[in-house]
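Shown below: protein_0.cif, with mmCIF, C-alpha atoms.
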data_query
#
loop_
_atom_site.label_atom_id
_atom_site.label_comp_id
_atom_site.auth_asym_id
_atom_site.auth_seq_id
_atom_site.Cartn_x
_atom_site.Cartn_y
_atom_site.Cartn_z
CA GLU A 1 128.57 20.49 134.12
CA LEU A 2 131.58 21.70 136.14
CA VAL A 3 131.38 25.14 134.55
CA ASN A 4 127.64 25.40 135.17
CA PHE A 5 128.12 24.31 138.78
CA THR A 6 130.92 26.79 139.55
CA GLN A 7 129.21 29.68 137.74
CA LYS A 8 126.11 29.04 139.84
CA LEU A 9 128.29 29.38 142.96
CA VAL A 10 129.63 32.66 141.59
CA ARG A 11 126.10 34.00 141.06
CA GLU A 12 125.17 33.01 144.61
CA SER A 13 128.31 34.45 146.20
CA PRO A 14 126.85 37.94 146.93
CA LYS A 15 124.34 36.27 149.28
CA GLN A 16 127.16 34.41 151.02
CA ARG A 17 129.11 37.65 151.42
CA ALA A 18 126.06 39.41 152.83
CA GLN A 19 125.70 36.65 155.39
CA PHE A 20 129.38 36.92 156.35
CA TRP A 21 129.08 40.68 156.93
CA SER A 22 125.70 40.52 158.69
CA THR A 23 127.39 40.70 162.11
CA ALA A 24 129.23 43.94 161.29
CA ASP A 25 127.75 47.08 162.84
CA PRO A 26 127.97 50.21 160.66
CA SER A 27 125.84 52.37 162.97
CA THR A 28 128.87 54.52 163.84
CA PRO A 29 132.49 54.57 162.60
CA GLU A 30 133.61 53.37 166.03
CA HIS A 31 131.18 50.45 166.05
CA TRP A 32 132.19 49.54 162.51
CA LYS A 33 135.88 49.40 163.39
CA ASP A 34 135.26 47.38 166.55
CA SER A 35 132.70 44.97 165.10
CA THR A 36 134.76 44.18 161.99
CA LYS A 37 137.86 43.08 163.88
CA THR A 38 136.67 39.47 163.61
CA HIS A 39 136.16 39.95 159.85
CA ARG A 40 139.69 41.34 159.44
CA ASP A 41 141.12 38.46 161.43
CA PHE A 42 139.15 35.93 159.38
CA ILE A 43 140.32 37.39 156.06
CA TRP A 44 143.94 37.50 157.24
CA GLU A 45 143.92 34.03 158.77
CA GLU A 46 141.53 32.03 156.55
CA VAL A 47 141.73 33.71 153.14
CA ILE A 48 145.28 35.13 152.94
CA GLY A 49 146.99 33.11 155.63
CA ARG A 50 148.60 34.67 158.70
CA LEU A 51 152.22 34.38 159.71
CA PRO A 52 153.53 35.34 163.16
CA ALA A 53 154.36 39.02 163.59
CA PRO A 54 157.94 39.92 162.58
CA ASN A 55 160.06 38.23 165.24
CA VAL A 56 163.65 39.34 164.68
CA ALA A 57 165.28 42.72 165.27
CA ALA A 58 164.80 45.10 162.35
CA ASN A 59 168.57 45.70 162.10
CA PRO A 60 168.07 48.63 159.69
CA ARG A 61 170.72 49.27 157.05
CA SER A 62 170.69 52.30 154.75
CA ARG A 63 172.88 54.02 152.20
CA LEU A 64 172.58 57.27 150.28
CA ILE A 65 171.86 56.69 146.57
CA TYR A 66 170.26 59.96 145.39
CA ASP A 67 171.15 63.56 146.20
CA GLU A 68 168.70 65.75 144.30
CA PRO A 69 168.02 69.48 144.69
CA LYS A 70 164.90 68.93 146.83
CA PHE A 71 165.45 65.53 148.48
CA ARG A 72 167.88 62.77 149.36
CA GLY A 73 167.18 59.13 148.60
CA TYR A 74 168.29 56.14 150.64
CA GLU A 75 168.19 52.40 150.05
CA VAL A 76 166.80 50.82 153.22
CA MET A 77 166.87 47.16 154.25
CA LEU A 78 165.04 45.74 157.30
CA ASP A 79 164.96 42.20 158.68
CA VAL A 80 161.45 40.73 159.07
CA TRP A 81 161.87 37.02 159.82
CA PRO A 82 164.95 34.80 159.53
CA ASP A 83 166.12 35.01 155.89
CA ILE A 84 163.25 37.38 154.94
CA ILE A 85 163.82 41.10 154.50
CA ALA A 86 161.92 44.25 153.61
CA TYR A 87 163.67 46.59 151.18
CA GLY A 88 162.88 49.87 149.52
CA ILE A 89 163.87 53.44 148.71
CA LEU A 90 163.21 56.29 151.15
CA LEU A 91 163.03 59.85 149.80
CA VAL A 92 163.47 62.60 152.44
CA PRO A 93 162.87 66.27 151.53
CA LYS A 94 165.79 68.57 152.27
CA ASP A 95 163.65 71.35 153.73
CA LEU A 96 162.72 69.38 156.86
CA LYS A 97 163.10 71.56 159.94
CA PRO A 98 164.60 70.26 163.22
CA GLY A 99 161.91 68.43 165.19
CA GLU A 100 159.40 68.54 162.31
CA ARG A 101 157.33 65.42 161.60
CA ARG A 102 155.91 65.01 158.12
CA PRO A 103 153.48 62.64 156.40
CA VAL A 104 154.73 59.63 154.44
CA VAL A 105 153.33 58.17 151.24
CA VAL A 106 154.23 54.52 150.64
CA CYS A 107 154.41 54.24 146.82
CA GLN A 108 153.98 50.65 145.66
CA HIS A 109 155.08 49.48 142.22
CA GLY A 110 153.21 46.87 140.18
CA LEU A 111 154.02 43.53 138.57
CA GLU A 112 157.73 43.09 137.73
CA GLY A 113 158.45 46.51 139.22
CA ARG A 114 161.34 47.92 141.22
CA PRO A 115 161.37 50.76 143.77
CA SER A 116 163.55 52.77 141.38
CA ASP A 117 160.69 52.72 138.86
CA VAL A 118 158.84 55.20 141.07
CA ALA A 119 161.65 56.79 143.10
CA ASP A 120 164.46 57.53 140.62
CA SER A 121 164.21 61.10 139.35
CA LYS A 122 166.16 60.19 136.21
CA LEU A 123 163.79 57.36 135.24
CA ASP A 124 160.34 58.10 133.80
CA ALA A 125 158.80 54.62 133.69
CA PRO A 126 155.63 54.80 131.54
CA ALA A 127 153.19 53.48 134.15
CA TYR A 128 154.59 55.40 137.12
CA HIS A 129 155.76 58.85 135.91
CA ARG A 130 158.13 59.27 138.90
CA TYR A 131 155.22 59.69 141.30
CA ALA A 132 157.25 59.07 144.46
CA VAL A 133 159.72 61.71 143.24
CA ARG A 134 156.96 64.21 142.47
CA LEU A 135 155.46 63.75 145.93
CA ALA A 136 158.88 64.16 147.56
CA GLU A 137 159.38 67.36 145.59
CA GLU A 138 156.10 68.59 147.11
CA GLY A 139 157.50 67.94 150.58
CA PHE A 140 156.08 64.49 151.38
CA ILE A 141 158.41 61.80 152.65
CA THR A 142 157.99 58.78 150.40
CA PHE A 143 158.96 55.13 150.69
CA ALA A 144 158.91 52.76 147.72
CA PRO A 145 158.96 49.13 148.91
CA GLN A 146 160.09 46.14 146.89
CA ASN A 147 157.19 43.70 146.79
CA PRO A 148 157.98 40.09 145.79
CA PHE A 149 155.79 39.98 142.68
CA ILE A 150 158.81 39.94 140.39
CA GLY A 151 160.79 37.34 138.46
CA LYS A 152 158.04 36.01 136.19
CA ASP A 153 157.14 32.53 137.50
CA ARG A 154 159.67 32.63 140.34
CA PHE A 155 157.35 34.53 142.67
CA ARG A 156 154.42 32.36 141.61
CA LEU A 157 156.36 29.35 142.88
CA ILE A 158 156.26 30.99 146.33
CA GLN A 159 152.49 31.23 145.98
CA ARG A 160 152.17 27.59 144.92
CA LYS A 161 154.35 26.40 147.81
CA ALA A 162 152.52 28.65 150.28
CA HIS A 163 148.98 27.51 149.50
CA PRO A 164 149.29 23.97 150.95
CA LEU A 165 150.61 25.62 154.13
CA LYS A 166 147.48 27.81 154.38
CA LEU A 167 149.53 30.83 153.30
CA ALA A 168 149.86 33.08 150.26
CA LEU A 169 152.24 35.65 148.82
CA PHE A 170 150.41 38.37 150.75
CA SER A 171 151.13 36.53 154.00
CA PHE A 172 154.74 37.60 153.52
CA ILE A 173 153.91 41.03 152.12
CA LEU A 174 151.80 41.83 155.19
CA GLY A 175 154.74 40.98 157.45
CA GLN A 176 157.04 43.20 155.40
CA HIS A 177 154.63 46.11 155.74
CA GLN A 178 154.20 45.48 159.47
CA ARG A 179 157.95 45.88 159.86
CA LEU A 180 158.06 48.89 157.52
CA LEU A 181 155.33 50.70 159.48
CA GLU A 182 157.13 49.99 162.77
CA TRP A 183 160.38 51.38 161.40
CA LEU A 184 158.81 54.47 159.81
CA ALA A 185 156.98 55.31 163.04
CA GLN A 186 160.32 55.30 164.87
CA GLN A 187 161.92 57.91 162.61
CA PRO A 188 162.07 61.35 164.26
CA PHE A 189 160.98 63.12 161.04
CA VAL A 190 157.88 60.94 160.43
CA ASP A 191 154.37 61.62 161.73
CA PRO A 192 153.14 58.05 162.40
CA GLU A 193 149.51 59.23 162.27
CA ARG A 194 149.93 60.36 158.64
CA ILE A 195 151.25 57.39 156.67
CA GLY A 196 149.35 56.83 153.44
CA PHE A 197 149.50 54.08 150.82
CA TYR A 198 149.32 54.56 147.02
CA GLY A 199 149.84 51.56 144.76
CA LEU A 200 149.40 50.80 141.06
CA SER A 201 148.37 47.49 139.44
CA TYR A 202 149.76 44.73 141.71
CA GLY A 203 150.42 47.66 144.03
CA GLY A 204 146.69 48.36 143.74
CA LYS A 205 146.02 44.78 144.77
CA THR A 206 148.21 45.54 147.78
CA ALA A 207 146.13 48.66 148.46
CA VAL A 208 143.00 46.58 149.23
CA ARG A 209 144.77 43.76 151.08
CA VAL A 210 147.37 45.46 153.31
CA PRO A 211 146.15 48.89 154.57
CA PRO A 212 142.67 47.54 155.47
CA LEU A 213 144.33 44.97 157.77
CA LEU A 214 147.07 47.21 159.22
CA ASP A 215 145.97 50.14 161.37
CA GLY A 216 149.25 51.96 160.72
CA TYR A 217 148.02 53.19 157.34
CA ALA A 218 145.96 56.38 157.52
CA LEU A 219 144.55 56.05 153.99
CA SER A 220 144.78 53.90 150.87
CA ILE A 221 144.69 54.64 147.13
CA CYS A 222 144.10 51.80 144.67
CA SER A 223 145.27 52.71 141.17
CA ALA A 224 144.79 50.67 137.99
CA ASP A 225 143.44 47.60 139.74
CA PHE A 226 140.07 48.20 141.46
CA ASN A 227 137.58 45.75 140.01
CA GLU A 228 134.60 43.49 140.36
CA TRP A 229 137.15 41.00 141.60
CA VAL A 230 134.95 37.91 141.64
CA TRP A 231 134.04 38.34 137.97
CA LYS A 232 137.68 39.10 137.16
CA ASN A 233 138.74 35.73 138.60
CA THR A 234 135.84 33.53 137.50
CA SER A 235 134.30 34.75 134.24
CA VAL A 236 134.34 32.16 131.46
CA GLU A 237 133.13 34.73 128.93
CA ALA A 238 134.98 38.03 129.45
CA GLY A 239 138.39 38.57 127.93
CA TYR A 240 139.36 40.42 131.12
CA SER A 241 139.17 37.20 133.15
CA TYR A 242 142.25 35.81 134.88
CA LEU A 243 141.13 32.39 133.62
CA VAL A 244 142.58 33.36 130.23
CA THR A 245 145.73 35.27 131.29
CA GLN A 246 149.11 34.30 132.71
CA GLU A 247 148.33 35.43 136.28
CA TYR A 248 147.42 32.05 137.72
CA ASP A 249 148.63 33.34 141.11
CA MET A 250 145.46 35.40 141.59
CA ILE A 251 143.15 32.77 143.08
CA GLU A 252 142.45 33.28 146.81
CA PHE A 253 140.80 30.72 149.04
CA ASN A 254 137.00 31.09 149.17
CA LEU A 255 137.29 34.86 148.66
CA ALA A 256 134.03 35.18 146.69
CA ASN A 257 132.06 33.94 149.70
CA VAL A 258 133.88 36.36 152.03
CA ALA A 259 134.74 39.68 150.36
CA ASN A 260 134.80 41.35 146.98
CA TYR A 261 136.83 44.53 146.45
CA ALA A 262 134.01 46.67 147.87
CA GLU A 263 134.06 44.85 151.19
CA LEU A 264 137.86 44.97 151.37
CA ALA A 265 137.75 48.71 150.71
CA MET A 266 135.05 49.19 153.34
CA LEU A 267 137.45 47.76 155.92
CA MET A 268 139.46 50.97 155.49
CA ALA A 269 136.57 52.96 156.95
CA PRO A 270 136.51 55.38 158.61
CA ARG A 271 139.95 55.94 157.09
CA PRO A 272 139.91 57.48 153.57
CA PHE A 273 139.96 55.29 150.46
CA MET A 274 140.32 56.30 146.80
CA VAL A 275 140.31 54.65 143.36
CA GLU A 276 142.25 55.93 140.33
CA ARG A 277 140.94 54.59 137.01
CA GLY A 278 141.99 55.18 133.39
CA HIS A 279 139.24 54.75 130.80
CA ALA A 280 141.61 52.77 128.55
CA ASP A 281 142.96 50.51 131.31
CA GLY A 282 142.71 46.93 130.10
CA VAL A 283 142.28 45.31 133.51
CA ALA A 284 138.49 45.70 133.21
CA PRO A 285 135.83 47.89 131.60
CA ASP A 286 134.79 51.07 133.38
CA GLU A 287 131.38 49.50 134.03
CA TRP A 288 132.88 46.75 136.24
CA VAL A 289 134.97 49.24 138.20
CA ALA A 290 132.13 51.73 138.65
CA TYR A 291 129.69 48.99 139.64
CA GLU A 292 131.95 47.73 142.42
CA TYR A 293 133.03 51.17 143.58
CA ALA A 294 129.40 52.34 143.84
CA LYS A 295 129.04 50.03 146.84
CA VAL A 296 132.00 51.72 148.53
CA ARG A 297 130.67 55.20 147.81
CA ARG A 298 127.23 54.33 149.16
CA PHE A 299 128.76 52.83 152.32
CA TYR A 300 130.90 55.88 153.14
CA ALA A 301 128.07 58.29 152.30
CA THR A 302 125.06 56.60 153.90
CA ARG A 303 126.50 54.40 156.65
CA MET A 304 129.66 56.21 157.76
CA LYS A 305 128.19 59.65 156.92
CA MET A 306 131.63 60.56 155.57
CA PRO A 307 131.21 60.96 151.78
CA GLU A 308 134.26 63.22 151.67
CA ARG A 309 136.51 60.33 152.70
CA THR A 310 136.11 58.33 149.52
CA GLU A 311 136.56 59.25 145.88
CA ILE A 312 137.06 57.81 142.41
CA GLU A 313 138.87 59.63 139.62
CA PHE A 314 138.28 58.56 136.04
CA PHE A 315 140.75 59.94 133.51
CA ASP A 316 141.31 59.50 129.80
CA GLY A 317 144.33 57.24 129.85
CA PRO A 318 145.73 53.71 130.11
CA HIS A 319 147.12 51.53 132.94
CA THR A 320 149.10 54.32 134.59
CA ILE A 321 149.45 56.76 137.46
CA ASN A 322 147.54 59.95 136.67
CA GLY A 323 148.63 61.79 139.80
CA LYS A 324 146.07 64.59 139.81
CA GLY A 325 142.98 63.80 141.88
CA THR A 326 145.02 61.33 143.92
CA PHE A 327 147.66 63.94 144.76
CA GLU A 328 144.93 66.30 145.93
CA PHE A 329 143.42 63.46 147.98
CA LEU A 330 146.82 62.93 149.66
CA ARG A 331 147.30 66.64 150.33
CA ARG A 332 143.84 66.92 151.89
CA HIS A 333 143.76 63.81 154.05
CA LEU A 334 147.44 63.74 155.06
CA ARG A 335 147.19 67.49 155.72
CA TRP A 336 150.16 68.64 153.67
CA PRO A 337 151.15 71.34 153.20
#
Please, can you express the file's structure as structure tokens?
Amino acid sequence: ELVNFTQKLVRESPKQRAQFWSTADPSTPEHWKDSTKTHRDFIWEEVIGRLPAPNVAANPRSRLIYDEPKFRGYEVMLDVWPDIIAYGILLVPKDLKPGERRPVVVCQHGLEGRPSDVADSKLDAPAYHRYAVRLAEEGFITFAPQNPFIGKDRFRLIQRKAHPLKLALFSFILGQHQRLLEWLAQQPFVDPERIGFYGLSYGGKTAVRVPPLLDGYALSICSADFNEWVWKNTSVEAGYSYLVTQEYDMIEFNLANVANYAELAMLMAPRPFMVERGHADGVAPDEWVAYEYAKVRRFYATRMKMPERTEIEFFDGPHTINGKGTFEFLRRHLRWP
């Protein structure tokens, strides 16, 4: 009886989402951005849980860790709140000219990842293929943040403790990215209007929860994660369901009645949004991904009248960075070179 009751709620959730978004005005990109501010605020405050903006000095600390032929790499640490930091690896191309401002790609690792997995030229991690390094070698500035989804159950304890306080792990991640965007925008070699986000797996989860809520990101790429997220969390039949995997941290308060991945992606508009999807990726079948993405494509094409600002790339591969269509997407929309 409990299963039948909850599955009925799942089937009815698209109607609830439609009702929630009925006050949004997609008649123009400007109206969409203005009219969805209340929706962004609601998702941040009532679904994820909102903390105060970072309220201590950034106190940036950095040290040189890589000196490669085309770039230098620095460990960077920033204070966010008392006892909470943001940390990552910044790669800066050596051919920067005095006074030049370049685009940045924030390259987000996945579950149990480290910034070095994407930013160390001597490490070819199977899922990442040095993509922050490859972008830096093309002349992009890159920053690889450490997100707190690491340590097996240790980070899930944060989630469990946060939920009774009307917070979640992404409450803290959003604050870290607020501080990161502030700091990047202050660097004399960064163009603050051209900061993109590109994340894989749990980094793909970040791609639909952080850039849509933070105006500082000019685009977002979700790799190896985009999904029919409601089914992924609630199916009692599919082997892809989080109900039968170890990721018990995935549940978000009332999300099915508020936003699926399509609606979260639409909050990026009119900023560009892209999905990277391997046919053999075990997070979901292609059909789930394509079904949910079709809503995004239709929205950009028919409501925003900007079909060129969204894209999906399917490739014959597993849960990994492909780095082909996505790299071209970054070059085009971040205008580099």
Around the point (157.8, 59.1, 153.7), in the coordinates given by the file, pick out the residues reaching within 6 Å, counting all atoms listed in the file, and return them as a VMD selection string.
-> chain A and resid 104 to 105 141 to 143
Determine, counting all atoms listed in the file, which protein, DNA and RNA residues have an atom within 12 Å of an atom of Glu30 in chain A; residues of the same chain fewer than 4 positions away are not included. Present the result as an NGL selection string.
-> :A and (24-26 or 34-37 or 269-271 or 303-304)
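Once the PyMOL selection byres ((chain A and resi 83) around 12) is applied to this file, the selection holds A:Pro54, A:Asn55, A:Val56, A:Leu78, A:Asp79, A:Val80, A:Trp81, A:Pro82, A:Ile84, A:Ile85, A:Ala86, A:Phe172.
With distances restricted to all atoms listed in the file, A:Tyr131 is the closest residue to Cys107 in chain A from A:Tyr131, A:Trp231, A:Phe20, A:Tyr87.
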Which residue gives the smallest distance to Pro337 in chain A among A:Leu2, A:Ala185, A:Ala136, A:Val236, with all atoms listed in the file counted?
-> A:Ala136
Contacts of Arg160 in chain A at 12 Å (all atoms listed in the file; same-chain gap of 3+ positions) as a tab-separated table (two decimals) with C-alpha atoms, in the frame of the given file:
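part_18.tsv, written as the output of this step:
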chain	number	residue	atom	x	y	z
A	153	ASP	CA	157.14	32.53	137.50
A	154	ARG	CA	159.67	32.63	140.34
A	155	PHE	CA	157.35	34.53	142.67
A	156	ARG	CA	154.42	32.36	141.61
A	157	LEU	CA	156.36	29.35	142.88
A	163	HIS	CA	148.98	27.51	149.50
A	164	PRO	CA	149.29	23.97	150.95
A	165	LEU	CA	150.61	25.62	154.13
A	166	LYS	CA	147.48	27.81	154.38
A	167	LEU	CA	149.53	30.83	153.30
A	168	ALA	CA	149.86	33.08	150.26
A	169	LEU	CA	152.24	35.65	148.82
A	248	TYR	CA	147.42	32.05	137.72
A	249	ASP	CA	148.63	33.34	141.11
A	250	MET	CA	145.46	35.40	141.59
A	251	ILE	CA	143.15	32.77	143.08
A	252	GLU	CA	142.45	33.28	146.81
Find the residues of range 261-282 of chain A that sit at most 10 Å from range 198-207 of chain A; for each, write down the nearest two atoms and how far apart they are in Å, to one decimal. Count all atoms listed in the file. Sort by chain, then by number going up, and give it as a tab-separated table.
residue	atom	partner	partner_atom	distance
A:Tyr261	CA	A:Lys205	CA	9.3
A:Leu264	CA	A:Ala207	CA	9.5
A:Ala265	CA	A:Ala207	CA	8.7
A:Met268	CA	A:Ala207	CA	10.0
A:Phe273	CA	A:Ala207	CA	9.3
A:Met274	CA	A:Tyr198	CA	9.2
A:Val275	CA	A:Gly204	CA	9.0
A:Glu276	CA	A:Leu200	CA	8.8
Please write the residues picked by the PyMOL selection byres ((chain A and resi 296-299) around 9) on this file as a PyMOL selection string.
-> chain A and resi 26+261-263+265-266+273+292-295+300-307+310-312
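Proximity of A:Pro212, A:Pro272, A:Pro14, A:Gly88 to Arg63 in chain A, computed with all atoms listed in the file, is greatest for A:Gly88.
Closest to Ser223 in chain A among A:Val208, A:Val47, A:Leu334, A:Ile321 is A:Ile321, based on only C-alpha atoms.
Distances to Gln178 in chain A were evaluated for A:Leu51, A:Pro98, A:Trp21, A:Asp124 using only C-alpha atoms, and the minimum falls at A:Leu51.
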Evaluate the PyMOL selection byres ((chain A and resi 72) around 9) and record the selected residues as an NGL selection string, following the chain and residue labels used in the document.
-> :A and (64-71 or 73-74 or 90-94)
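Minimum distance to Ala162 in chain A across A:Pro285, A:Gln108, A:Arg50, A:Leu184 (counting all atoms listed in the file) occurs at A:Arg50.
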